[in-house]
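J.: Sharing entry.pdb (PDB, C-alpha atoms, pLDDT in the B column) below.
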ATOM      1  CA  MET Q   1       9.202 -26.241  15.774  1.00 88.00           C
ATOM      2  CA  LEU Q   2      12.961 -26.593  15.946  1.00 87.00           C
ATOM      3  CA  MET Q   3      15.233 -28.140  18.545  1.00 88.00           C
ATOM      4  CA  ILE Q   4      18.923 -27.191  18.548  1.00 84.00           C
ATOM      5  CA  TYR Q   5      21.364 -29.646  20.120  1.00 86.00           C
ATOM      6  CA  GLU Q   6      24.955 -28.659  20.912  1.00 82.00           C
ATOM      7  CA  THR Q   7      27.253 -31.678  20.747  1.00 82.00           C
ATOM      8  CA  SER Q   8      30.251 -32.270  22.989  1.00 76.00           C
ATOM      9  CA  SER Q   9      32.502 -31.091  20.133  1.00 73.00           C
ATOM     10  CA  ASN Q  10      30.766 -27.668  20.028  1.00 72.00           C
ATOM     11  CA  GLU Q  11      28.929 -28.437  16.815  1.00 79.00           C
ATOM     12  CA  TYR Q  12      25.185 -28.048  16.376  1.00 82.00           C
ATOM     13  CA  GLU Q  13      22.490 -30.408  15.188  1.00 87.00           C
ATOM     14  CA  VAL Q  14      19.049 -29.068  14.320  1.00 89.00           C
ATOM     15  CA  TYR Q  15      15.873 -31.122  14.481  1.00 93.00           C
ATOM     16  CA  GLU Q  16      12.410 -30.251  13.218  1.00 92.00           C
ATOM     17  CA  LEU Q  17       9.263 -31.688  14.766  1.00 96.00           C
ATOM     18  CA  ASN Q  18       7.148 -33.695  12.328  1.00 96.00           C
ATOM     19  CA  PHE Q  19       3.712 -33.005  13.800  1.00 97.00           C
ATOM     20  CA  LEU Q  20       2.007 -35.795  11.835  1.00 97.00           C
ATOM     21  CA  LYS Q  21       4.323 -38.501  13.200  1.00 96.00           C
ATOM     22  CA  MET Q  22       5.173 -36.626  16.430  1.00 96.00           C
ATOM     23  CA  GLU Q  23       8.876 -37.321  16.021  1.00 97.00           C
ATOM     24  CA  TRP Q  24      12.030 -35.228  15.659  1.00 96.00           C
ATOM     25  CA  VAL Q  25      13.675 -35.270  12.213  1.00 96.00           C
ATOM     26  CA  LYS Q  26      17.271 -34.112  11.797  1.00 93.00           C
ATOM     27  CA  MET Q  27      17.574 -31.208   9.371  1.00 90.00           C
ATOM     28  CA  GLN Q  28      20.346 -31.501   6.803  1.00 87.00           C
ATOM     29  CA  ASN Q  29      19.760 -28.199   5.049  1.00 87.00           C
ATOM     30  CA  PHE Q  30      18.220 -24.789   5.812  1.00 82.00           C
ATOM     31  CA  GLY Q  31      18.282 -23.713   2.173  1.00 82.00           C
ATOM     32  CA  ASP Q  32      18.311 -19.895   2.053  1.00 81.00           C
ATOM     33  CA  GLN Q  33      17.607 -19.678   5.767  1.00 82.00           C
ATOM     34  CA  ALA Q  34      19.978 -18.794   8.581  1.00 82.00           C
ATOM     35  CA  LEU Q  35      19.360 -19.418  12.255  1.00 84.00           C
ATOM     36  CA  PHE Q  36      20.464 -16.797  14.774  1.00 82.00           C
ATOM     37  CA  LEU Q  37      20.957 -18.380  18.183  1.00 81.00           C
ATOM     38  CA  GLY Q  38      21.347 -16.105  21.171  1.00 77.00           C
ATOM     39  CA  HIS Q  39      21.354 -17.627  24.618  1.00 68.00           C
ATOM     40  CA  ILE Q  40      20.334 -14.393  26.346  1.00 66.00           C
ATOM     41  CA  LYS Q  41      18.159 -12.290  24.032  1.00 66.00           C
ATOM     42  CA  GLY Q  42      16.470 -15.103  22.102  1.00 68.00           C
ATOM     43  CA  SER Q  43      16.756 -16.674  18.678  1.00 73.00           C
ATOM     44  CA  GLY Q  44      15.337 -16.323  15.211  1.00 72.00           C
ATOM     45  CA  CYS Q  45      15.349 -17.742  11.723  1.00 73.00           C
ATOM     46  CA  CYS Q  46      15.195 -15.713   8.519  1.00 70.00           C
ATOM     47  CA  ASN Q  47      15.701 -15.860   4.774  1.00 74.00           C
ATOM     48  CA  VAL Q  48      18.969 -13.961   4.316  1.00 70.00           C
ATOM     49  CA  THR Q  49      18.562 -13.693   0.535  1.00 69.00           C
ATOM     50  CA  THR Q  50      15.852 -11.082   1.100  1.00 71.00           C
ATOM     51  CA  TRP Q  51      18.342  -8.671   2.679  1.00 68.00           C
ATOM     52  CA  LYS Q  52      19.202  -6.123   0.010  1.00 64.00           C
ATOM     53  CA  GLY Q  53      22.894  -6.344  -0.896  1.00 67.00           C
ATOM     54  CA  SER Q  54      23.486  -8.945   1.782  1.00 63.00           C
ATOM     55  CA  ARG Q  55      26.387 -11.344   1.597  1.00 70.00           C
ATOM     56  CA  GLN Q  56      25.346 -13.182   4.723  1.00 69.00           C
ATOM     57  CA  PRO Q  57      25.877 -16.922   4.416  1.00 75.00           C
ATOM     58  CA  SER Q  58      22.807 -19.147   4.382  1.00 77.00           C
ATOM     59  CA  ASN Q  59      22.298 -22.736   5.574  1.00 82.00           C
ATOM     60  CA  CYS Q  60      24.070 -21.904   8.820  1.00 83.00           C
ATOM     61  CA  ILE Q  61      23.721 -21.080  12.499  1.00 85.00           C
ATOM     62  CA  HIS Q  62      25.048 -17.798  13.901  1.00 80.00           C
ATOM     63  CA  VAL Q  63      25.753 -18.291  17.619  1.00 82.00           C
ATOM     64  CA  VAL Q  64      26.597 -15.845  20.397  1.00 78.00           C
ATOM     65  CA  GLY Q  65      27.789 -17.872  23.366  1.00 73.00           C
ATOM     66  CA  TYR Q  66      26.209 -17.598  26.790  1.00 69.00           C
ATOM     67  CA  GLN Q  67      28.343 -15.561  29.243  1.00 68.00           C
ATOM     68  CA  THR Q  68      31.381 -15.642  26.896  1.00 69.00           C
ATOM     69  CA  PHE Q  69      29.839 -13.495  24.121  1.00 71.00           C
ATOM     70  CA  VAL Q  70      31.955 -15.414  21.606  1.00 78.00           C
ATOM     71  CA  TYR Q  71      30.489 -15.349  18.095  1.00 79.00           C
ATOM     72  CA  THR Q  72      30.802 -18.476  15.955  1.00 82.00           C
ATOM     73  CA  LEU Q  73      29.344 -19.527  12.623  1.00 83.00           C
ATOM     74  CA  HIS Q  74      28.326 -23.159  12.049  1.00 83.00           C
ATOM     75  CA  PHE Q  75      27.286 -24.555   8.655  1.00 83.00           C
ATOM     76  CA  LEU Q  76      24.902 -27.466   8.109  1.00 82.00           C
ATOM     77  CA  ASP Q  77      26.726 -28.569   4.970  1.00 79.00           C
ATOM     78  CA  GLU Q  78      30.351 -29.528   4.293  1.00 75.00           C
ATOM     79  CA  ARG Q  79      31.721 -26.010   4.806  1.00 75.00           C
ATOM     80  CA  SER Q  80      33.943 -25.600   7.852  1.00 72.00           C
ATOM     81  CA  SER Q  81      32.707 -23.592  10.808  1.00 71.00           C
ATOM     82  CA  PHE Q  82      34.381 -20.281  11.492  1.00 68.00           C
ATOM     83  CA  PRO Q  83      36.335 -20.068  14.734  1.00 66.00           C
ATOM     84  CA  GLY Q  84      34.858 -17.896  17.421  1.00 65.00           C
ATOM     85  CA  PHE Q  85      35.804 -14.361  18.332  1.00 62.00           C
ATOM     86  CA  ARG Q  86      34.706 -12.244  21.283  1.00 61.00           C
ATOM     87  CA  LEU Q  87      32.199  -9.479  20.616  1.00 58.00           C
ATOM     88  CA  LEU Q  88      33.476  -6.229  22.092  1.00 56.00           C
ATOM     89  CA  GLY Q  89      31.317  -4.077  24.291  1.00 54.00           C
ATOM     90  CA  LEU Q  90      29.106  -6.889  25.567  1.00 48.00           C
TER      91      LEU Q  90
END
Mind turning the file's structure into structure tokens?

T.:
Amino acid sequence: MLMIYETSSNEYEVYELNFLKMEWVKMQNFGDQALFLGHIKGSGCCNVTTWKGSRQPSNCIHVVGYQTFVYTLHFLDERSSFPGFRLLGL
């Protein structure tokens, strides 16, 4: 189980529930995974390396903002987040 926390600086922290200790542990790395966070239609997590020919970045969170429909990309490592841009047609 994951918990996603948006900080006041519009960054994201992700925590995973350790069921044995019943405590939240901050995740530092998703590995080959990417989290897709949608405030309206739901969210999901997948291994992007399995997408044939994909150049999607891993270890990141893809976010579509609630009501603004602004897409941003946030990395869990030292890479800088991409600035947001508005998705047309939404």

J.: Just checking: using all atoms listed in the file, which residue out of Q:Leu37, Q:Asn18, Q:Cys45, Q:Glu11 ends up closest to Phe75 of chain Q?

T.: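 The closest residue to Phe75 of chain Q is Q:Glu11.
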
J.: Which residues fall under the PyMOL selection byres ((chain Q and resi 13-17) around 7) in this file, as a VMD selection string?

T.: chain Q and resid 1 to 6 11 to 12 18 to 19 22 to 27

J.: Using Å and a single decimal, report how far atom CA of Ile61 of chain Q sits from atom CA of Gly31 of chain Q.

T.: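 Atom CA of Ile61 of chain Q lies 12.0 Å from atom CA of Gly31 of chain Q.
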
J.: So the first atom is atom CA of Phe69 of chain Q and the second is atom CA of Gln28 of chain Q; what is the distance between them in Å, to one decimal place?

T.: 26.7 Å

J.: Taking every listed atom of segment 19-23 of chain Q and adding 5 Å to each side, what centre and edge lengths in Å (one decimal) does the axis-aligned box have, as JSON?

T.:
{"center_x": 5.4, "center_y": -35.8, "center_z": 14.1, "size_x": 16.9, "size_y": 15.5, "size_z": 14.6}

J.: How many Å lie between atom CA of Arg79 of chain Q and atom CA of Val64 of chain Q, rounded to one decimal?

T.: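 Going from atom CA of Arg79 of chain Q over to atom CA of Val64 of chain Q, I get 19.3 Å.
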